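Visitor: Here you go, this is my_file_39.txt (compact mmCIF, C-alpha atoms and all ligand atoms).
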```
# COMPACT_ATOMS: atom_id res chain seq x y z
CA MET E 1 5.98 44.11 -38.35
CA LEU E 2 5.58 40.32 -38.37
CA ILE E 3 3.95 39.99 -41.79
CA GLU E 4 3.83 42.67 -44.46
CA ALA E 5 2.47 42.27 -47.97
CA LYS E 6 2.56 44.94 -50.65
CA GLY E 7 0.73 44.88 -53.95
CA LEU E 8 0.29 41.12 -54.01
CA GLY E 9 -1.18 39.62 -57.14
CA LYS E 10 -1.58 36.05 -58.30
CA ARG E 11 -2.46 35.04 -61.83
CA TYR E 12 -3.52 31.48 -62.55
CA GLU E 13 -4.24 29.84 -65.88
CA ARG E 14 -7.64 28.25 -66.19
CA GLY E 15 -8.83 26.58 -69.36
CA GLY E 16 -5.85 28.15 -71.13
CA ARG E 17 -6.93 31.62 -70.01
CA PRO E 18 -5.16 33.71 -67.39
CA PHE E 19 -7.17 35.07 -64.51
CA TRP E 20 -6.22 37.00 -61.40
CA ALA E 21 -7.15 35.17 -58.18
CA LEU E 22 -5.57 37.96 -56.13
CA ARG E 23 -5.14 41.60 -57.07
CA GLY E 24 -3.21 44.41 -55.41
CA ALA E 25 -3.42 43.07 -51.87
CA ASP E 26 -1.78 45.06 -49.08
CA LEU E 27 -1.73 43.69 -45.56
CA GLN E 28 0.17 44.21 -42.34
CA VAL E 29 0.13 42.04 -39.26
CA SER E 30 1.88 43.23 -36.11
CA SER E 31 2.31 41.82 -32.67
CA GLY E 32 -1.01 41.84 -30.78
CA ASP E 33 -3.16 41.83 -33.92
CA PHE E 34 -6.00 39.40 -34.49
CA VAL E 35 -6.77 39.87 -38.15
CA THR E 36 -9.72 38.13 -39.77
CA VAL E 37 -10.28 37.87 -43.51
CA LEU E 38 -13.83 37.04 -44.52
CA GLY E 39 -14.75 36.00 -48.00
CA ARG E 40 -16.80 33.62 -50.05
CA SER E 41 -15.53 30.38 -51.48
CA GLY E 42 -13.19 31.03 -54.40
CA SER E 43 -12.51 34.66 -53.47
CA GLY E 44 -8.75 34.06 -53.12
CA LYS E 45 -8.27 33.59 -49.37
CA SER E 46 -6.14 30.43 -49.47
CA THR E 47 -4.13 31.88 -52.34
CA LEU E 48 -3.35 34.90 -50.17
CA LEU E 49 -2.33 32.83 -47.14
CA ASN E 50 -0.19 30.43 -49.15
CA ILE E 51 1.69 33.39 -50.58
CA LEU E 52 2.08 35.05 -47.17
CA VAL E 53 3.68 31.95 -45.63
CA GLY E 54 5.98 31.48 -48.61
CA LEU E 55 4.47 28.31 -50.03
CA LEU E 56 3.29 29.93 -53.25
CA PRO E 57 5.18 32.57 -55.22
CA PRO E 58 3.15 35.69 -56.06
CA THR E 59 2.91 36.88 -59.66
CA GLU E 60 3.53 40.40 -58.42
CA GLY E 61 4.16 42.21 -55.17
CA SER E 62 6.26 41.34 -52.14
CA VAL E 63 6.02 39.66 -48.75
CA SER E 64 8.17 40.22 -45.70
CA LEU E 65 8.14 37.81 -42.79
CA MET E 66 9.82 39.09 -39.62
CA GLY E 67 11.25 41.91 -41.71
CA GLU E 68 12.82 39.63 -44.34
CA ASP E 69 11.76 39.80 -47.97
CA ILE E 70 10.99 36.12 -48.60
CA SER E 71 11.49 36.34 -52.36
CA LYS E 72 15.18 36.94 -51.65
CA LEU E 73 15.54 33.69 -49.68
CA ASP E 74 16.15 30.23 -51.11
CA ASP E 75 13.65 27.44 -50.35
CA ALA E 76 15.55 26.12 -47.34
CA LYS E 77 15.91 29.54 -45.70
CA ARG E 78 12.28 30.39 -46.44
CA SER E 79 11.12 27.12 -44.82
CA SER E 80 13.24 27.60 -41.76
CA LEU E 81 12.04 31.20 -41.35
CA ARG E 82 8.45 29.97 -41.58
CA ASN E 83 9.02 27.06 -39.22
CA ALA E 84 10.69 29.26 -36.63
CA HIS E 85 8.17 32.09 -36.60
CA VAL E 86 4.88 31.14 -38.22
CA GLY E 87 2.37 28.49 -37.21
CA TYR E 88 0.45 27.68 -40.36
CA VAL E 89 -2.85 25.83 -40.26
CA PRO E 90 -3.57 24.85 -43.87
CA GLN E 91 -7.11 24.45 -45.14
CA SER E 92 -6.64 20.68 -45.43
CA ALA E 93 -5.11 19.45 -42.18
CA GLY E 94 -2.10 18.00 -44.03
CA LEU E 95 -1.03 15.53 -41.35
CA ILE E 96 1.54 12.81 -42.05
CA PRO E 97 -0.46 9.54 -42.15
CA THR E 98 2.40 7.33 -40.94
CA LEU E 99 3.05 9.37 -37.78
CA THR E 100 0.91 9.21 -34.66
CA VAL E 101 -1.14 12.25 -33.74
CA LEU E 102 1.36 13.15 -31.01
CA ASP E 103 4.31 12.92 -33.41
CA ASN E 104 2.43 15.03 -35.97
CA VAL E 105 2.05 17.74 -33.32
CA ARG E 106 5.72 17.38 -32.44
CA LEU E 107 6.92 17.48 -36.04
CA PRO E 108 7.75 21.23 -36.18
CA TRP E 109 9.96 20.69 -33.14
CA TYR E 110 12.01 18.10 -35.04
CA LEU E 111 11.99 20.24 -38.18
CA ALA E 112 13.49 23.05 -36.13
CA GLY E 113 16.51 20.79 -35.63
CA HIS E 114 15.79 19.52 -32.11
CA ARG E 115 16.33 15.89 -31.17
CA GLY E 116 14.58 13.85 -28.49
CA GLU E 117 11.38 14.79 -26.75
CA GLU E 118 10.35 18.38 -26.36
CA PRO E 119 10.43 19.93 -22.89
CA GLU E 120 7.48 19.68 -20.52
CA GLY E 121 5.46 17.40 -22.75
CA ARG E 122 4.38 20.40 -24.80
CA ALA E 123 2.85 18.35 -27.61
CA GLN E 124 0.64 16.48 -25.14
CA THR E 125 -0.31 19.74 -23.41
CA LEU E 126 -1.33 21.27 -26.73
CA LEU E 127 -3.41 18.20 -27.59
CA GLY E 128 -5.19 18.71 -24.28
CA GLU E 129 -5.80 22.38 -25.08
CA VAL E 130 -7.55 21.46 -28.30
CA GLY E 131 -9.59 18.80 -26.50
CA LEU E 132 -7.80 15.70 -27.80
CA LYS E 133 -5.74 14.56 -24.85
CA ASP E 134 -6.53 10.86 -25.33
CA LEU E 135 -5.85 10.65 -29.05
CA GLY E 136 -2.06 11.11 -29.12
CA SER E 137 -1.27 7.48 -29.90
CA GLN E 138 -3.79 7.23 -32.75
CA PHE E 139 -2.95 7.62 -36.42
CA PRO E 140 -4.66 10.36 -38.44
CA SER E 141 -6.81 7.82 -40.33
CA ALA E 142 -8.68 7.12 -37.09
CA LEU E 143 -9.72 10.76 -36.56
CA SER E 144 -12.73 12.76 -37.73
CA GLY E 145 -12.38 15.85 -39.93
CA GLY E 146 -12.86 18.20 -36.99
CA GLU E 147 -10.34 16.27 -34.88
CA LEU E 148 -7.75 16.41 -37.69
CA ARG E 149 -8.25 20.14 -37.87
CA ARG E 150 -7.61 20.51 -34.15
CA VAL E 151 -4.43 18.40 -34.44
CA ALA E 152 -3.26 20.78 -37.19
CA ILE E 153 -3.91 23.70 -34.82
CA ALA E 154 -1.91 22.04 -32.03
CA ARG E 155 0.91 21.37 -34.51
CA ALA E 156 0.90 25.04 -35.57
CA LEU E 157 1.35 26.09 -31.92
CA MET E 158 4.19 23.63 -31.22
CA CYS E 159 7.13 25.99 -31.66
CA SER E 160 5.41 28.94 -29.92
CA PRO E 161 5.20 30.91 -33.17
CA ASP E 162 5.19 34.70 -33.31
CA ALA E 163 2.28 34.54 -35.74
CA ILE E 164 -0.47 32.03 -36.40
CA VAL E 165 -1.77 31.95 -39.97
CA ALA E 166 -4.88 29.81 -40.17
CA ASP E 167 -7.00 28.87 -43.16
CA GLU E 168 -10.59 28.31 -42.00
CA PRO E 169 -9.46 26.71 -38.75
CA THR E 170 -12.99 26.51 -37.39
CA SER E 171 -14.65 24.84 -40.37
CA ASN E 172 -15.87 21.29 -39.52
CA LEU E 173 -15.95 22.19 -35.85
CA ASP E 174 -19.00 22.25 -33.62
CA PRO E 175 -19.69 25.70 -32.11
CA ALA E 176 -18.09 24.91 -28.74
CA SER E 177 -14.86 23.61 -30.33
CA ALA E 178 -14.79 26.54 -32.75
CA ARG E 179 -15.05 28.96 -29.86
CA GLY E 180 -12.31 27.03 -28.08
CA VAL E 181 -10.00 27.56 -31.06
CA VAL E 182 -10.82 31.26 -31.24
CA ASP E 183 -10.13 31.55 -27.49
CA ILE E 184 -6.69 29.96 -27.93
CA PHE E 185 -5.94 32.38 -30.79
CA ARG E 186 -7.20 35.34 -28.82
CA ALA E 187 -4.89 34.45 -25.93
CA ILE E 188 -1.96 34.33 -28.36
CA ALA E 189 -2.73 37.82 -29.66
CA ARG E 190 -3.19 39.15 -26.13
CA LYS E 191 0.21 37.79 -25.14
CA GLY E 192 1.80 39.78 -27.95
CA GLY E 193 1.67 37.19 -30.71
CA ALA E 194 -0.37 37.72 -33.86
CA VAL E 195 -3.17 35.86 -35.55
CA LEU E 196 -4.27 36.01 -39.17
CA MET E 197 -7.18 33.80 -40.02
CA VAL E 198 -9.51 33.44 -42.94
CA THR E 199 -12.99 32.17 -42.41
CA HIS E 200 -16.54 31.97 -43.68
CA ASP E 201 -18.09 32.07 -40.27
CA THR E 202 -18.47 34.85 -37.80
CA PHE E 203 -17.29 33.25 -34.54
CA SER E 204 -14.06 35.17 -34.46
CA LEU E 205 -15.40 38.63 -35.23
CA ASP E 206 -15.59 39.71 -31.59
CA ALA E 207 -12.01 38.61 -31.05
CA SER E 208 -10.69 40.40 -34.14
CA THR E 209 -8.79 43.64 -33.91
CA ARG E 210 -9.02 44.16 -37.69
CA LEU E 211 -11.31 42.78 -40.33
CA TYR E 212 -10.80 42.48 -44.07
CA ASP E 213 -13.25 41.42 -46.74
CA MET E 214 -12.05 39.44 -49.72
CA ALA E 215 -14.13 39.43 -52.88
CA GLU E 216 -12.95 38.28 -56.29
CA GLY E 217 -9.32 38.63 -55.32
CA LYS E 218 -9.64 42.14 -53.84
CA LEU E 219 -8.79 42.56 -50.19
CA GLU E 220 -10.44 45.48 -48.43
CA LEU E 221 -10.08 46.69 -44.89
CA ARG E 222 -13.47 47.05 -43.24
CA PRO E 223 -13.73 50.51 -41.70
N1 LIG B 301 -3.54 26.19 -58.89
C1 LIG B 301 -4.61 26.82 -59.40
N2 LIG B 301 -4.78 26.94 -60.73
C2 LIG B 301 -5.84 27.60 -61.25
N3 LIG B 301 -6.80 28.19 -60.50
C3 LIG B 301 -6.68 28.11 -59.17
C4 LIG B 301 -5.59 27.42 -58.54
N4 LIG B 301 -5.75 27.51 -57.20
C5 LIG B 301 -6.88 28.21 -56.99
N5 LIG B 301 -7.44 28.57 -58.16
C6 LIG B 301 -8.65 29.39 -58.33
O1 LIG B 301 -8.40 30.66 -57.74
C7 LIG B 301 -9.55 31.14 -57.06
C8 LIG B 301 -9.21 31.41 -55.63
O2 LIG B 301 -8.94 30.18 -54.98
P1 LIG B 301 -8.68 30.09 -53.41
O3 LIG B 301 -8.39 28.67 -53.10
O4 LIG B 301 -7.66 31.09 -53.05
O5 LIG B 301 -10.10 30.53 -52.84
P2 LIG B 301 -10.67 30.53 -51.34
O6 LIG B 301 -11.18 31.90 -51.07
O7 LIG B 301 -9.64 29.98 -50.43
O8 LIG B 301 -11.91 29.52 -51.43
P3 LIG B 301 -12.49 28.52 -50.32
O9 LIG B 301 -13.23 29.36 -49.32
O10 LIG B 301 -13.41 27.64 -51.10
O11 LIG B 301 -11.35 27.77 -49.72
C9 LIG B 301 -10.63 30.09 -57.27
O12 LIG B 301 -11.43 30.50 -58.33
C10 LIG B 301 -9.85 28.83 -57.61
O13 LIG B 301 -10.61 28.00 -58.46
MG MG B 302 -9.56 28.35 -49.25
```
Once you've parsed the file, please lay out its structure as structure tokens.
Guide:
Amino acid sequence: MLIEAKGLGKRYERGGRPFWALRGADLQVSSGDFVTVLGRSGSGKSTLLNILVGLLPPTEGSVSLMGEDISKLDDAKRSSLRNAHVGYVPQSAGLIPTLTVLDNVRLPWYLAGHRGEEPEGRAQTLLGEVGLKDLGSQFPSALSGGELRRVAIARALMCSPDAIVADEPTSNLDPASARGVVDIFRAIARKGGAVLMVTHDTFSLDASTRLYDMAEGKLELRP
């Protein structure tokens, strides 16, 4: 099992009142899965993903990544586990403004402790795969919202992760680019990787092997 969540709950405070953004969520993602979570704005999708990748602590429940209970790891170990195995595409692209596009894509390679250029120009190849082969030397400020999103996808693929976890990766994209992203993800799942994505749109439904609905913090498997 690449990702396993049991009984996840997240309570936030809003206006001095507690409320549960996520309640009793169970989820498993194995090699070969393409899991899609559909839900309206505010239903708790980003909260779920941030907990699954270890960026946000749950109020209750547990998460295992690659068989390791992440609550038992310190921050450094949790980050290195994530960097080694999970390609995360956050909802906001989250690129480093002072690095070129190419170096942003390459960043996980450096974070994994490597020095020098990656083999076979992988960062450039990935930029080509997301349709941005000529933009490597630009800085993020020169890119459109959809282009930034595609850079974030290339960055998530940099270290050949076992699992891709993507937060609305196709939002801001035209239909052809969105399908291109889904095709890349589908190929990853077919090669034995795993994909977990949340979305509002229905492009990826054909590619999905499992579908969940999220509503008001409740995650339900669609039969
Ligand atoms: N840090 C926070 N403190 C308080 N409330 C929060 C916090 N983060 C999120 N929320 C609330 O929790 C709920 C779930 O938020 P979340 O971002 O997970 O939704 P979402 O399904 O990803 O929405 P969207 O599709 O708009 O991205 C929302 O009502 C949001 O306002
Ligand atoms: Mg969200």
Visitor: Return as a VMD selection string every polymer residue, whether protein, DNA or RNA, with at least one atom no more than 7 Å from an atom of ligand MG 302 (chain B); count all atoms listed in the file.
Guide: chain E and resid 41 to 42 44 to 46 91 167
Visitor: Only C-alpha atoms, please: the residues just picked out, written as a tab-separated table (two decimals), in the coordinates of the input.
Guide:
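Output below, filename out.tsv:
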```tsv
chain	number	residue	atom	x	y	z
E	41	SER	CA	-15.53	30.38	-51.48
E	42	GLY	CA	-13.19	31.03	-54.40
E	44	GLY	CA	-8.75	34.06	-53.12
E	45	LYS	CA	-8.27	33.59	-49.37
E	46	SER	CA	-6.14	30.43	-49.47
E	91	GLN	CA	-7.11	24.45	-45.14
E	167	ASP	CA	-7.00	28.87	-43.16
```
Visitor: Using only C-alpha atoms, which protein or nucleic acid residues come within 12 Å of Thr47 (chain E)? Drop anything in the same chain fewer than 5 positions from it, and give the result as a list in words.
Guide: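 Non-adjacent residues within range: Leu8, Gly9, Lys10, Arg11, Tyr12, Trp20, Ala21, Leu22, Arg23, Ala25, Ser41, Gly42, Leu52, Val53, Gly54, Leu55, Leu56, Pro57, Pro58, Thr59, Pro90, Gln91, Asp167, Val198, Met214, Glu216, Gly217, Lys218 and Leu219 of chain E.
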Visitor: Quote the spacing between CA of Pro223 (chain E) and CA of Pro161 (chain E) in Å to one decimal place.
Guide: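 Interatomic distance here is 28.6 Å.
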Visitor: Would you mind telling me which residue in E:Ala123, E:Leu111, E:Leu38, E:Ala93 lies nearest to ligand LIG 301 (chain B) when using only C-alpha atoms and all ligand atoms?
Guide: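 The answer is E:Leu38, which sits nearest to ligand LIG 301 (chain B).
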Visitor: Separation of CA of Val165 (chain E) and CA of His114 (chain E), in Å?
Guide: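 Value for the CA of Val165 (chain E)-CA of His114 (chain E) distance: 22.9 Å.
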Visitor: Taking only C-alpha atoms and all ligand atoms into account, which of E:Asp69, E:Asp74, E:Asp201, E:Glu220 comes nearest ligand LIG 301 (chain B)?
Guide: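 Nearest candidate to ligand LIG 301 (chain B) out of E:Asp69, E:Asp74, E:Asp201, E:Glu220: E:Asp201.
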Visitor: Report, in Å with one decimal, the straight-line distance from CA of Gly15 (chain E) to atom N2 of ligand LIG 301 (chain B).
Guide: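 About the pair CA of Gly15 (chain E) and atom N2 of ligand LIG 301 (chain B): they are 9.5 Å apart.
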Visitor: Region 130-141 of chain E: which residues within 8 Å, counting only C-alpha atoms, same-chain residues fewer than 3 positions away excluded, as a ChimeraX atom specification?
Guide: /E:95-103,124-127,147-148,150-151,153-154,177,180-181
Visitor: Set up a box along x, y and z of the file covering all listed atoms of region 161-165 of chain E, add 5 Å on every one of the six sides, and write the centre and edge lengths in Å to one decimal, as lines of an AutoDock Vina configuration file.
Guide:
```
center_x = 1.7
center_y = 32.8
center_z = -36.6
size_x = 17.0
size_y = 13.8
size_z = 16.8
```
Visitor: Identify, on the basis of only C-alpha atoms, every residue whose closest approach to Phe185 (chain E) does not exceed 8 Å; exclude the query and any residue fewer than 2 positions from it along the same chain; express the result as number ranges by chain.
Guide: E: 34, 164, 181-183, 187-189, 195
Visitor: What would the list of residues within 9 Å of (7.5, 34.3, -30.9) (file frame) look like as an mmCIF file with C-alpha atoms, keeping the file's coordinate frame, if only C-alpha atoms are what count?
Guide:
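The new file selection_25.cif reads:
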```cif
data_model
loop_
_atom_site.group_PDB
_atom_site.id
_atom_site.type_symbol
_atom_site.label_atom_id
_atom_site.label_comp_id
_atom_site.auth_asym_id
_atom_site.auth_seq_id
_atom_site.Cartn_x
_atom_site.Cartn_y
_atom_site.Cartn_z
ATOM 1 C CA ALA E 84 10.690 29.260 -36.630
ATOM 2 C CA HIS E 85 8.170 32.090 -36.600
ATOM 3 C CA VAL E 86 4.880 31.140 -38.220
ATOM 4 C CA CYS E 159 7.130 25.990 -31.660
ATOM 5 C CA SER E 160 5.410 28.940 -29.920
ATOM 6 C CA PRO E 161 5.200 30.910 -33.170
ATOM 7 C CA ASP E 162 5.190 34.700 -33.310
ATOM 8 C CA ALA E 163 2.280 34.540 -35.740
ATOM 9 C CA GLY E 192 1.800 39.780 -27.950
ATOM 10 C CA GLY E 193 1.670 37.190 -30.710
#
```
Visitor: Between E:Ala166, E:Val105, E:Leu73, E:Val35, which one has atoms that come closest to ligand LIG 301 (chain B), using only C-alpha atoms and all ligand atoms?
Guide: E:Ala166
Visitor: Between E:Met197, E:Ala112, E:Ala76, E:Ala156, single out the one closest to ligand LIG 301 (chain B), counting only C-alpha atoms and all ligand atoms.
Guide: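 For ligand LIG 301 (chain B), the nearest of the candidates is E:Met197.
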Visitor: Using only C-alpha atoms and all ligand atoms for the distances, tell me which of E:Ser43, E:Ser204, E:Gln28, E:Ser71 is nearest to ligand LIG 301 (chain B).
Guide: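 Once distances to ligand LIG 301 (chain B) are computed over only C-alpha atoms and all ligand atoms, the minimum belongs to E:Ser43.
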Visitor: Between E:Glu60, E:Glu168, E:Glu4, E:Glu120, which one has atoms that come closest to ligand LIG 301 (chain B), using all atoms listed in the file?
Guide: E:Glu168
Visitor: Could you complete region 126-137 of chain E so that it carries N, CA, C and O atoms, and give it back as a PDB file, in the frame of the given file?
Guide:
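Output contents, as saved in rebuild-v6.pdb:
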```pdb
ATOM      1  N   LEU E 126      -0.578  20.609 -25.653  1.00  0.00           N
ATOM      2  CA  LEU E 126      -1.330  21.270 -26.730  1.00  0.00           C
ATOM      3  C   LEU E 126      -2.503  20.399 -27.177  1.00  0.00           C
ATOM      4  O   LEU E 126      -3.598  20.918 -27.445  1.00  0.00           O
ATOM      5  N   LEU E 127      -2.288  19.089 -27.237  1.00  0.00           N
ATOM      6  CA  LEU E 127      -3.410  18.200 -27.590  1.00  0.00           C
ATOM      7  C   LEU E 127      -4.541  18.357 -26.578  1.00  0.00           C
ATOM      8  O   LEU E 127      -5.715  18.385 -26.945  1.00  0.00           O
ATOM      9  N   GLY E 128      -4.167  18.475 -25.311  1.00  0.00           N
ATOM     10  CA  GLY E 128      -5.190  18.710 -24.280  1.00  0.00           C
ATOM     11  C   GLY E 128      -5.916  20.017 -24.506  1.00  0.00           C
ATOM     12  O   GLY E 128      -7.145  20.092 -24.403  1.00  0.00           O
ATOM     13  N   GLU E 129      -5.171  21.054 -24.878  1.00  0.00           N
ATOM     14  CA  GLU E 129      -5.800  22.380 -25.080  1.00  0.00           C
ATOM     15  C   GLU E 129      -6.814  22.372 -26.212  1.00  0.00           C
ATOM     16  O   GLU E 129      -7.765  23.142 -26.202  1.00  0.00           O
ATOM     17  N   VAL E 130      -6.578  21.519 -27.214  1.00  0.00           N
ATOM     18  CA  VAL E 130      -7.550  21.460 -28.300  1.00  0.00           C
ATOM     19  C   VAL E 130      -8.571  20.326 -28.087  1.00  0.00           C
ATOM     20  O   VAL E 130      -9.324  19.969 -28.985  1.00  0.00           O
ATOM     21  N   GLY E 131      -8.557  19.774 -26.870  1.00  0.00           N
ATOM     22  CA  GLY E 131      -9.590  18.800 -26.500  1.00  0.00           C
ATOM     23  C   GLY E 131      -9.359  17.396 -27.007  1.00  0.00           C
ATOM     24  O   GLY E 131     -10.303  16.617 -27.181  1.00  0.00           O
ATOM     25  N   LEU E 132      -8.091  17.026 -27.240  1.00  0.00           N
ATOM     26  CA  LEU E 132      -7.800  15.700 -27.800  1.00  0.00           C
ATOM     27  C   LEU E 132      -6.780  14.939 -26.965  1.00  0.00           C
ATOM     28  O   LEU E 132      -5.960  14.202 -27.503  1.00  0.00           O
ATOM     29  N   LYS E 133      -6.842  15.083 -25.660  1.00  0.00           N
ATOM     30  CA  LYS E 133      -5.740  14.560 -24.850  1.00  0.00           C
ATOM     31  C   LYS E 133      -5.576  13.049 -24.950  1.00  0.00           C
ATOM     32  O   LYS E 133      -4.484  12.542 -24.748  1.00  0.00           O
ATOM     33  N   ASP E 134      -6.636  12.326 -25.287  1.00  0.00           N
ATOM     34  CA  ASP E 134      -6.530  10.860 -25.330  1.00  0.00           C
ATOM     35  C   ASP E 134      -6.209  10.305 -26.707  1.00  0.00           C
ATOM     36  O   ASP E 134      -6.184   9.089 -26.886  1.00  0.00           O
ATOM     37  N   LEU E 135      -5.999  11.167 -27.682  1.00  0.00           N
ATOM     38  CA  LEU E 135      -5.850  10.650 -29.050  1.00  0.00           C
ATOM     39  C   LEU E 135      -4.411  10.636 -29.561  1.00  0.00           C
ATOM     40  O   LEU E 135      -4.161  10.301 -30.711  1.00  0.00           O
ATOM     41  N   GLY E 136      -3.450  10.970 -28.686  1.00  0.00           N
ATOM     42  CA  GLY E 136      -2.060  11.110 -29.120  1.00  0.00           C
ATOM     43  C   GLY E 136      -1.471   9.878 -29.791  1.00  0.00           C
ATOM     44  O   GLY E 136      -0.660   9.995 -30.702  1.00  0.00           O
ATOM     45  N   SER E 137      -1.882   8.692 -29.350  1.00  0.00           N
ATOM     46  CA  SER E 137      -1.270   7.480 -29.900  1.00  0.00           C
ATOM     47  C   SER E 137      -1.981   6.973 -31.158  1.00  0.00           C
ATOM     48  O   SER E 137      -1.569   5.990 -31.760  1.00  0.00           O
TER      49      SER E 137
END
```
